[in-house]
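**Student:** Next up, upload_31.txt (compact mmCIF, C-alpha atoms).
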```
# COMPACT_ATOMS: atom_id res chain seq x y z
CA MET A 1250 27.23 -39.39 -138.17
CA ALA A 1251 25.98 -42.90 -137.49
CA LYS A 1252 29.44 -44.01 -136.39
CA LYS A 1253 29.71 -41.12 -134.02
CA GLU A 1254 26.33 -41.88 -132.53
CA LEU A 1255 27.51 -45.44 -131.90
CA SER A 1256 30.72 -44.34 -130.20
CA PRO A 1257 31.82 -46.32 -127.10
CA ARG A 1258 31.54 -43.21 -124.93
CA ARG A 1259 27.83 -42.70 -125.68
CA LEU A 1260 27.08 -46.40 -125.22
CA LYS A 1261 28.77 -46.36 -121.84
CA GLY A 1262 26.62 -43.46 -120.63
CA TYR A 1263 23.45 -45.12 -121.86
CA TYR A 1264 24.41 -48.34 -120.12
CA LYS A 1265 24.62 -46.65 -116.68
CA PHE A 1266 21.19 -45.13 -117.23
CA SER A 1267 19.68 -48.36 -118.47
CA LYS A 1268 20.98 -50.23 -115.48
CA LYS A 1269 18.80 -48.09 -113.19
CA TYR A 1270 15.78 -48.05 -115.45
CA PRO A 1271 12.73 -49.64 -113.74
CA SER A 1272 10.40 -52.24 -115.17
CA ARG A 1273 6.90 -51.51 -116.42
CA ASN A 1274 5.30 -51.98 -113.00
CA ALA A 1275 8.08 -49.90 -111.34
CA GLU A 1276 8.69 -52.60 -108.75
CA SER A 1277 12.05 -54.12 -109.75
CA TYR A 1278 14.96 -53.60 -112.08
CA ALA A 1279 14.47 -54.81 -115.62
CA ILE A 1280 17.87 -54.32 -117.21
CA GLY A 1281 21.18 -55.37 -115.76
CA GLU A 1282 19.78 -56.07 -112.33
CA SER A 1283 21.76 -58.26 -109.92
CA ARG A 1284 20.79 -60.72 -107.20
CA LYS A 1285 22.15 -58.30 -104.65
CA MET A 1286 19.76 -55.60 -105.82
CA LYS A 1287 16.82 -58.02 -105.71
CA LYS A 1288 17.68 -58.93 -102.14
CA LYS A 1289 17.90 -55.26 -101.13
CA GLU A 1290 14.54 -54.56 -102.77
CA LYS A 1291 12.93 -57.51 -101.05
CA ALA A 1292 14.41 -56.50 -97.68
CA ARG A 1293 13.07 -52.95 -98.07
CA LYS A 1294 9.59 -54.32 -98.77
CA ILE A 1295 9.70 -56.56 -95.73
CA VAL A 1296 10.89 -53.71 -93.48
CA PHE A 1297 8.17 -51.41 -94.85
CA ALA A 1298 5.49 -54.05 -94.23
CA VAL A 1299 6.72 -54.64 -90.65
CA LEU A 1300 6.72 -50.90 -89.95
CA LEU A 1301 3.15 -50.64 -91.22
CA CYS A 1302 2.08 -53.48 -88.94
CA CYS A 1303 3.80 -51.88 -85.93
CA LEU A 1304 2.16 -48.55 -86.71
CA PHE A 1305 -1.27 -50.21 -86.92
CA VAL A 1306 -0.79 -52.07 -83.63
CA ALA A 1307 0.44 -48.93 -81.82
CA THR A 1308 -2.49 -46.90 -83.15
CA PHE A 1309 -4.96 -49.60 -82.09
CA ILE A 1310 -3.53 -49.77 -78.56
CA LEU A 1311 -3.52 -45.98 -78.22
CA VAL A 1312 -7.16 -45.71 -79.32
CA SER A 1313 -8.22 -48.59 -76.99
CA VAL A 1314 -6.48 -47.05 -73.98
CA SER A 1315 -7.97 -43.63 -74.73
CA MET A 1316 -11.49 -45.06 -74.92
CA THR A 1317 -11.04 -47.00 -71.66
CA LEU A 1318 -9.77 -43.92 -69.82
CA SER A 1319 -12.57 -41.76 -71.18
CA ASN A 1320 -15.20 -44.23 -69.90
CA ARG A 1321 -13.67 -44.65 -66.45
CA PRO A 1322 -15.35 -42.50 -63.73
CA LEU A 1323 -13.07 -40.01 -62.07
CA ALA A 1324 -12.31 -40.90 -58.46
CA ASN A 1325 -12.80 -38.19 -55.84
CA ASN A 1326 -9.81 -39.47 -53.92
CA ILE A 1327 -7.50 -42.44 -53.66
CA GLU A 1328 -9.56 -44.01 -50.86
CA ASN A 1329 -12.40 -44.65 -53.29
CA GLU A 1330 -10.42 -47.52 -54.79
CA THR A 1331 -11.85 -49.70 -51.98
CA LEU A 1332 -15.39 -48.35 -52.33
CA ILE A 1333 -17.96 -50.82 -51.04
CA SER A 1334 -20.88 -51.57 -53.35
CA VAL A 1335 -23.72 -54.09 -53.40
CA ASP A 1336 -21.64 -56.37 -55.66
CA ASN A 1337 -18.63 -56.57 -53.35
CA LEU A 1338 -20.36 -56.07 -49.99
CA GLY A 1339 -20.20 -59.73 -49.04
CA THR A 1340 -21.01 -60.81 -45.49
CA ILE A 1341 -22.25 -58.21 -43.00
CA ARG A 1342 -21.94 -59.02 -39.31
CA ALA A 1343 -22.60 -55.74 -37.58
CA THR A 1344 -23.07 -54.53 -34.04
CA TYR A 1345 -24.52 -51.22 -32.91
CA ILE A 1346 -22.27 -48.79 -31.02
CA GLU A 1347 -23.88 -45.94 -29.10
CA ASN A 1348 -22.68 -42.44 -29.94
CA THR A 1349 -21.90 -41.79 -26.27
CA VAL A 1350 -18.87 -44.06 -26.73
CA LEU A 1351 -17.45 -41.69 -29.33
CA GLY A 1352 -16.47 -39.06 -26.74
CA GLU A 1353 -13.20 -40.85 -25.98
CA ILE A 1354 -11.07 -42.72 -28.50
CA SER A 1355 -10.05 -45.17 -25.76
CA ASP A 1356 -13.72 -46.08 -25.16
CA LEU A 1357 -14.25 -46.55 -28.88
CA SER A 1358 -11.16 -48.78 -29.07
CA LYS A 1359 -12.61 -51.02 -26.36
CA GLU A 1360 -15.91 -51.35 -28.22
CA LEU A 1361 -14.15 -52.15 -31.50
CA LYS A 1362 -11.98 -54.75 -29.78
CA LYS A 1363 -15.12 -56.33 -28.30
CA ALA A 1364 -16.85 -56.29 -31.70
CA LYS A 1365 -13.89 -58.00 -33.34
CA LYS A 1366 -13.80 -60.63 -30.60
CA ASN A 1367 -17.51 -61.32 -31.23
CA GLY A 1368 -16.85 -62.01 -34.90
CA CYS A 1369 -18.21 -58.71 -36.28
CA ASN A 1370 -16.84 -56.97 -39.35
CA ALA A 1371 -19.12 -53.90 -39.27
CA VAL A 1372 -20.42 -51.33 -36.80
CA MET A 1373 -23.58 -49.23 -36.92
CA LEU A 1374 -23.66 -45.64 -35.65
CA ASP A 1375 -26.51 -43.12 -35.45
CA PHE A 1376 -25.96 -40.38 -38.03
CA LYS A 1377 -29.52 -39.10 -37.41
CA THR A 1378 -31.15 -40.10 -34.14
CA GLN A 1379 -34.71 -41.14 -33.34
CA GLU A 1380 -35.29 -37.65 -31.95
CA GLY A 1381 -34.05 -36.11 -35.18
CA TYR A 1382 -30.61 -34.88 -34.14
CA ILE A 1383 -27.93 -35.00 -36.83
CA THR A 1384 -24.63 -36.23 -35.40
CA ILE A 1385 -22.41 -35.57 -38.39
CA ASP A 1386 -19.28 -33.51 -37.78
CA GLY A 1387 -20.36 -31.36 -34.84
CA LYS A 1388 -23.94 -30.70 -35.95
CA SER A 1389 -25.43 -31.99 -32.69
CA ASP A 1390 -24.73 -30.57 -29.25
CA LYS A 1391 -26.78 -33.19 -27.43
CA TYR A 1392 -25.19 -36.31 -28.92
CA TYR A 1393 -21.53 -37.08 -29.50
CA SER A 1394 -20.71 -36.28 -33.09
CA ILE A 1395 -19.10 -38.44 -35.73
CA ASP A 1396 -16.03 -36.76 -37.20
CA ASN A 1397 -13.18 -37.75 -39.49
CA VAL A 1398 -11.07 -39.01 -36.58
CA ILE A 1399 -13.83 -41.46 -35.60
CA ILE A 1400 -14.30 -42.61 -39.20
CA GLU A 1401 -10.58 -43.15 -39.77
CA LYS A 1402 -10.22 -45.02 -36.48
CA ILE A 1403 -13.05 -47.44 -37.28
CA LYS A 1404 -11.85 -48.07 -40.83
CA ALA A 1405 -8.25 -48.51 -39.68
CA GLU A 1406 -9.51 -51.40 -37.54
CA GLY A 1407 -11.00 -53.00 -40.66
CA PHE A 1408 -14.70 -52.39 -39.98
CA ILE A 1409 -17.49 -51.45 -42.39
CA ILE A 1410 -19.40 -48.36 -41.22
CA ILE A 1411 -23.20 -48.49 -41.34
CA ALA A 1412 -24.90 -45.09 -40.94
CA ARG A 1413 -28.29 -45.45 -39.27
CA ILE A 1414 -30.68 -42.66 -40.21
CA PHE A 1415 -34.13 -42.32 -38.65
CA CYS A 1416 -36.42 -40.90 -41.30
CA PHE A 1417 -39.94 -39.66 -40.57
CA GLU A 1418 -39.79 -40.34 -36.84
CA ASP A 1419 -38.32 -36.94 -36.04
CA SER A 1420 -39.39 -34.53 -33.30
CA PHE A 1421 -36.80 -31.88 -34.10
CA ALA A 1422 -37.03 -31.08 -37.84
CA PRO A 1423 -40.82 -30.64 -38.37
CA GLN A 1424 -40.98 -27.20 -36.72
CA ARG A 1425 -37.83 -26.04 -38.51
CA LEU A 1426 -39.06 -27.25 -41.91
CA GLY A 1427 -42.76 -26.61 -41.45
CA ALA A 1428 -43.42 -30.25 -42.32
CA PHE A 1429 -45.78 -31.34 -39.55
CA VAL A 1430 -48.33 -34.11 -39.50
CA TYR A 1431 -51.67 -32.60 -38.45
CA GLU A 1432 -54.60 -33.75 -36.37
CA ASN A 1433 -57.30 -31.96 -38.38
CA GLN A 1434 -58.05 -31.47 -42.06
CA GLU A 1435 -57.67 -27.68 -41.76
CA LYS A 1436 -54.06 -28.29 -40.65
CA THR A 1437 -54.29 -25.99 -37.65
CA LYS A 1438 -53.65 -28.62 -34.95
CA ILE A 1439 -50.32 -30.45 -34.82
CA TRP A 1440 -50.47 -34.21 -34.31
CA PHE A 1441 -48.50 -36.00 -31.55
CA ASP A 1442 -47.86 -39.73 -31.38
CA ALA A 1443 -48.94 -39.75 -27.70
CA PRO A 1444 -50.50 -37.25 -25.28
CA ALA A 1445 -48.09 -34.46 -24.34
CA ILE A 1446 -48.21 -35.56 -20.70
CA ASN A 1447 -46.84 -38.93 -21.81
CA GLY A 1448 -44.03 -37.42 -23.85
CA GLY A 1449 -45.79 -37.40 -27.20
CA ARG A 1450 -43.68 -36.36 -30.20
CA VAL A 1451 -44.31 -34.86 -33.61
CA TRP A 1452 -43.37 -36.57 -36.89
CA LEU A 1453 -42.18 -35.45 -40.30
CA ASP A 1454 -44.85 -35.64 -43.00
CA PRO A 1455 -43.79 -38.31 -45.56
CA THR A 1456 -45.81 -36.54 -48.26
CA ASN A 1457 -44.02 -33.20 -47.75
CA PRO A 1458 -41.14 -32.61 -50.22
CA ARG A 1459 -39.29 -30.55 -47.61
CA ALA A 1460 -39.22 -33.56 -45.31
CA THR A 1461 -37.93 -36.01 -47.92
CA SER A 1462 -35.38 -33.49 -49.18
CA HIS A 1463 -34.08 -32.98 -45.63
CA ILE A 1464 -33.58 -36.71 -45.08
CA CYS A 1465 -31.85 -37.12 -48.44
CA THR A 1466 -29.49 -34.28 -47.53
CA VAL A 1467 -28.50 -36.17 -44.38
CA ILE A 1468 -27.94 -39.33 -46.45
CA GLY A 1469 -25.65 -37.44 -48.82
CA ALA A 1470 -23.69 -35.98 -45.89
CA ALA A 1471 -23.29 -39.42 -44.30
CA VAL A 1472 -21.92 -40.90 -47.53
CA LYS A 1473 -19.57 -37.95 -47.97
CA MET A 1474 -18.36 -38.37 -44.40
CA GLY A 1475 -17.31 -41.95 -45.17
CA ALA A 1476 -20.25 -44.27 -44.41
CA ASP A 1477 -20.04 -47.55 -46.33
CA CYS A 1478 -23.76 -48.39 -46.02
CA VAL A 1479 -26.87 -46.39 -45.15
CA TYR A 1480 -29.46 -47.98 -42.85
CA LEU A 1481 -32.88 -46.31 -43.12
CA GLU A 1482 -35.24 -46.69 -40.18
CA SER A 1483 -38.81 -45.44 -39.55
CA VAL A 1484 -39.69 -45.34 -43.24
CA GLU A 1485 -43.38 -45.34 -42.41
CA PHE A 1486 -46.47 -43.22 -41.88
CA PRO A 1487 -47.46 -42.42 -38.29
CA GLN A 1488 -50.55 -44.29 -37.11
CA ALA A 1489 -53.61 -42.48 -35.82
CA ARG A 1490 -54.39 -43.00 -32.15
CA ASP A 1491 -57.67 -42.75 -30.25
CA GLY A 1492 -59.04 -39.23 -30.58
CA ALA A 1493 -56.10 -38.12 -32.73
CA PRO A 1494 -56.46 -38.85 -36.47
CA VAL A 1495 -53.66 -38.00 -38.90
CA PHE A 1496 -53.72 -35.62 -41.89
CA PHE A 1497 -50.93 -34.98 -44.38
CA SER A 1498 -50.02 -32.51 -47.11
CA GLN A 1499 -51.67 -34.79 -49.64
CA ASP A 1500 -55.40 -35.41 -49.48
CA ASN A 1501 -56.01 -38.48 -47.32
CA ALA A 1502 -58.78 -39.69 -49.63
CA THR A 1503 -56.45 -40.05 -52.63
CA LEU A 1504 -53.23 -40.81 -50.74
CA ASN A 1505 -51.32 -43.92 -51.88
CA ARG A 1506 -49.05 -44.51 -48.91
CA ASN A 1507 -47.10 -47.36 -50.44
CA LEU A 1508 -46.31 -45.33 -53.55
CA VAL A 1509 -45.17 -42.33 -51.46
CA LEU A 1510 -42.75 -44.48 -49.47
CA MET A 1511 -41.49 -46.31 -52.56
CA GLN A 1512 -40.73 -42.99 -54.25
CA PHE A 1513 -38.92 -41.73 -51.15
CA ILE A 1514 -36.75 -44.87 -51.04
CA GLU A 1515 -35.89 -44.32 -54.70
CA GLN A 1516 -34.78 -40.76 -53.85
CA ALA A 1517 -32.71 -42.06 -50.94
CA VAL A 1518 -30.98 -44.70 -53.08
CA LYS A 1519 -30.21 -42.11 -55.74
CA GLU A 1520 -28.73 -39.78 -53.11
CA ALA A 1521 -26.59 -42.59 -51.67
CA GLY A 1522 -25.11 -43.33 -55.11
CA LYS A 1523 -22.95 -46.47 -55.05
CA CYS A 1524 -23.29 -46.73 -51.27
CA PRO A 1525 -25.68 -49.65 -50.53
CA VAL A 1526 -28.96 -48.74 -48.82
CA ILE A 1527 -30.33 -51.08 -46.15
CA LEU A 1528 -34.02 -50.70 -45.36
CA GLY A 1529 -34.63 -51.51 -41.70
CA VAL A 1530 -38.28 -52.42 -41.08
CA PRO A 1531 -40.39 -54.40 -38.60
CA PHE A 1532 -40.92 -58.01 -39.65
CA GLU A 1533 -44.57 -57.14 -40.32
CA ALA A 1534 -43.53 -54.84 -43.17
CA THR A 1535 -42.17 -57.82 -45.09
CA ASP A 1536 -44.84 -60.36 -44.21
CA GLY A 1537 -48.48 -59.27 -44.23
CA GLY A 1538 -47.88 -55.55 -44.16
CA ASN A 1539 -49.97 -52.72 -42.74
CA GLN A 1540 -52.13 -50.29 -44.70
CA GLU A 1541 -51.76 -47.38 -42.26
CA LYS A 1542 -48.00 -47.61 -41.86
CA TRP A 1543 -46.79 -48.72 -45.29
CA GLY A 1544 -49.86 -49.00 -47.49
CA GLY A 1545 -49.00 -52.68 -47.86
CA THR A 1546 -45.51 -54.18 -47.56
CA LEU A 1547 -41.94 -52.99 -48.09
CA PHE A 1548 -40.20 -56.25 -48.94
CA ASP A 1549 -39.12 -55.34 -52.48
CA THR A 1550 -38.10 -51.69 -52.86
CA ALA A 1551 -35.39 -49.65 -54.55
CA ALA A 1552 -33.13 -50.49 -51.59
CA SER A 1553 -30.82 -53.37 -52.48
CA ILE A 1554 -30.91 -54.81 -48.95
CA CYS A 1555 -33.93 -55.38 -46.71
CA SER A 1556 -33.37 -55.78 -42.97
CA PRO A 1557 -36.47 -57.02 -41.11
CA VAL A 1558 -36.28 -56.89 -37.34
CA LEU A 1559 -36.55 -60.41 -35.92
CA LEU A 1560 -37.60 -60.41 -32.27
CA PRO A 1561 -37.24 -63.35 -29.88
CA GLN A 1562 -40.23 -65.71 -29.83
CA GLU A 1563 -41.63 -67.35 -26.73
CA ASN A 1564 -40.68 -70.97 -26.17
CA SER A 1565 -38.39 -71.11 -29.19
CA ASP A 1566 -34.67 -71.06 -29.87
CA TYR A 1567 -33.88 -67.50 -30.98
CA VAL A 1568 -30.82 -68.36 -33.09
CA GLU A 1569 -32.74 -71.16 -34.81
CA TYR A 1570 -35.59 -68.72 -35.49
CA ILE A 1571 -33.11 -66.27 -37.06
CA GLU A 1572 -31.57 -69.05 -39.18
CA ASN A 1573 -34.93 -70.23 -40.53
CA ASN A 1574 -36.14 -66.75 -41.45
CA TYR A 1575 -32.79 -65.86 -42.99
CA THR A 1576 -33.02 -68.83 -45.36
CA VAL A 1577 -36.70 -68.42 -46.19
CA MET A 1578 -36.54 -64.67 -46.81
CA ASN A 1579 -33.39 -64.82 -48.93
CA ASP A 1580 -35.08 -67.49 -51.06
CA ARG A 1581 -38.08 -65.16 -51.44
CA ALA A 1582 -35.79 -62.30 -52.43
CA LYS A 1583 -34.64 -64.24 -55.50
CA ASN A 1584 -37.93 -63.27 -57.15
CA ASN A 1585 -37.53 -59.58 -56.31
CA PHE A 1586 -36.81 -56.86 -58.83
CA SER A 1587 -34.57 -54.61 -56.71
CA THR A 1588 -34.04 -55.95 -53.20
CA ILE A 1589 -31.57 -58.78 -53.70
CA LYS A 1590 -30.40 -59.54 -50.18
CA ILE A 1591 -31.92 -60.00 -46.72
CA VAL A 1592 -29.80 -59.05 -43.70
CA PRO A 1593 -31.92 -59.42 -40.55
CA THR A 1594 -31.71 -57.01 -37.64
CA VAL A 1595 -31.70 -58.98 -34.37
CA LYS A 1596 -31.82 -58.13 -30.67
CA ASN A 1597 -28.76 -58.72 -28.56
CA GLN A 1598 -29.33 -61.29 -25.80
CA SER A 1599 -27.13 -59.82 -23.09
CA GLU A 1600 -28.16 -62.54 -20.62
CA ASP A 1601 -26.77 -65.16 -23.02
CA VAL A 1602 -22.99 -64.77 -22.96
CA SER A 1603 -22.61 -67.16 -25.90
CA PHE A 1604 -25.18 -65.40 -28.11
CA TYR A 1605 -22.58 -63.85 -30.45
CA GLU A 1606 -20.73 -67.14 -30.76
CA LYS A 1607 -23.88 -69.13 -31.54
CA LEU A 1608 -25.01 -66.55 -34.07
CA SER A 1609 -21.63 -66.48 -35.83
CA GLU A 1610 -21.69 -70.28 -36.10
CA SER A 1611 -25.25 -70.35 -37.46
CA THR A 1612 -26.29 -70.55 -41.12
CA ALA A 1613 -27.29 -66.89 -41.01
CA GLU A 1614 -24.31 -65.43 -42.83
CA SER A 1615 -25.24 -61.76 -42.32
CA TYR A 1616 -26.99 -59.89 -39.52
CA ILE A 1617 -27.09 -56.59 -37.63
CA ILE A 1618 -27.24 -56.73 -33.83
CA ILE A 1619 -28.94 -53.93 -31.89
CA PRO A 1620 -29.43 -53.54 -28.10
```
Write out the structure in this file as structure tokens.
**Tutor:**
Amino acid sequence: MAKKELSPRRLKGYYKFSKKYPSRNAESYAIGESRKMKKKEKARKIVFAVLLCCLFVATFILVSVSMTLSNRPLANNIENETLISVDNLGTIRATYIENTVLGEISDLSKELKKAKKNGCNAVMLDFKTQEGYITIDGKSDKYYSIDNVIIEKIKAEGFIIIARIFCFEDSFAPQRLGAFVYENQEKTKIWFDAPAINGGRVWLDPTNPRATSHICTVIGAAVKMGADCVYLESVEFPQARDGAPVFFSQDNATLNRNLVLMQFIEQAVKEAGKCPVILGVPFEATDGGNQEKWGGTLFDTAASICSPVLLPQENSDYVEYIENNYTVMNDRAKNNFSTIKIVPTVKNQSEDVSFYEKLSESTAESYIIIP
């Protein structure tokens, strides 16, 4: 039997099996292996390692891209790719254009051509007038409205659009909202800023939530329409006049006027979103202040840009006066918490034909020119 078990046929079969038998660690051939087999095994390991690396890299890239896309805000439309913000606003050289010009595109084209010739890169329009009329998309019958055609025309010419909105100086909304300023504590007599015979007007009550909500609604509509910046004017309390004190929704004895206005500006900035808010105020509001109007000063507020009105001074060079205040106030703004830039509002000097040229060549990099 032993001889049969050792027959050549059985040994041949065992040899084929033994040739494929792995080593103890199952990684290479132990018996009868050849250099060719070792090379194949090594090549397979290298290929496997490369595939693993590729898989890891692809997975990492996929996860990174997914996280980036998930954190990116969704754009409302393609135009938002050029959205202007405080960070990329840059230089503002604006001129005011009256809404009466908006009735004819040809008249608007002339004004834009003039603005470009004068070195301006922005225009300011009234989206809510001093009387309280809203001029957005056909909402005012008295004033020419601002519609999409106007917006597209101005932007096609390369201009930034600044939406001026008069806030509490409003003789139209108080009766509709029931947000009057009163002349007596019982709130039975409506207050006017001048005798009726002299054209006195009512004001919105800054302490009334209906008033602030109304203004914020206008701000939101202006941004939605396509305004690049919002310019807030008449952010102040009305001042009492002789024989006509003022009373508000809040008790006058405990009223903190500065806090009320600061909170309103915060609401306005929130409503404007990424659209920069410019706070237009008299120069006094940034230097010295007034307790009745602002409860102090409004130099550093939630608005990122402060625009004090600089009026011509007697016996002094107006452009030089603008330059000096521009430098001084922007240096002061470096210590502010929120307001980071000063863009003065200045009066156009129509009698000086070179006023625009001199202003553009001055050290005042940004300004807003009004009539």
**Student:** In Å, rounded to a single decimal, give me how far CA of Phe1421 (chain A) is from CA of Gly1448 (chain A).
**Tutor:**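 Going from CA of Gly1448 (chain A) over to CA of Phe1421 (chain A) covers 13.7 Å.
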**Student:** Measuring between all atoms listed in the file, which one of A:Lys1473, A:Lys1291, A:Lys1365, A:Arg1425 shows the shortest distance to Ile1409 (chain A)?
**Tutor:** A:Lys1365
**Student:** Can I get the residues of region 1415-1457 of chain A within 10 Å of region 1508-1532 of chain A, each with the closest pair of atoms and their distance in Å to one decimal, using all atoms listed in the file, sorted chain first then ascending number, as a tab-separated table?
**Tutor:**
```
residue	atom	partner	partner_atom	distance
A:Phe1415	CA	A:Gly1529	CA	9.7
A:Pro1455	CA	A:Val1509	CA	7.3
A:Thr1456	CA	A:Val1509	CA	6.6
A:Asn1457	CA	A:Val1509	CA	9.9
```
**Student:** Rank nothing, just name the residue among A:Gln1499, A:Asn1574, A:Ser1313, A:Thr1594 nearest to Thr1612 (chain A), using only C-alpha atoms.
**Tutor:**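 Of all the options, A:Asn1574 lies closest to Thr1612 (chain A).
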**Student:** Between CA of Leu1338 (chain A) and CA of Trp1543 (chain A), what distance in Å does the model show, to one decimal?
**Tutor:**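 Value for the CA of Leu1338 (chain A)-CA of Trp1543 (chain A) distance: 27.8 Å.
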**Student:** As an exercise, work out the distance from CA of Pro1487 (chain A) to CA of Ala1343 (chain A) in Å and give it to one decimal place.
**Tutor:**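 Taking CA of Pro1487 (chain A) and CA of Ala1343 (chain A), their separation equals 28.2 Å.
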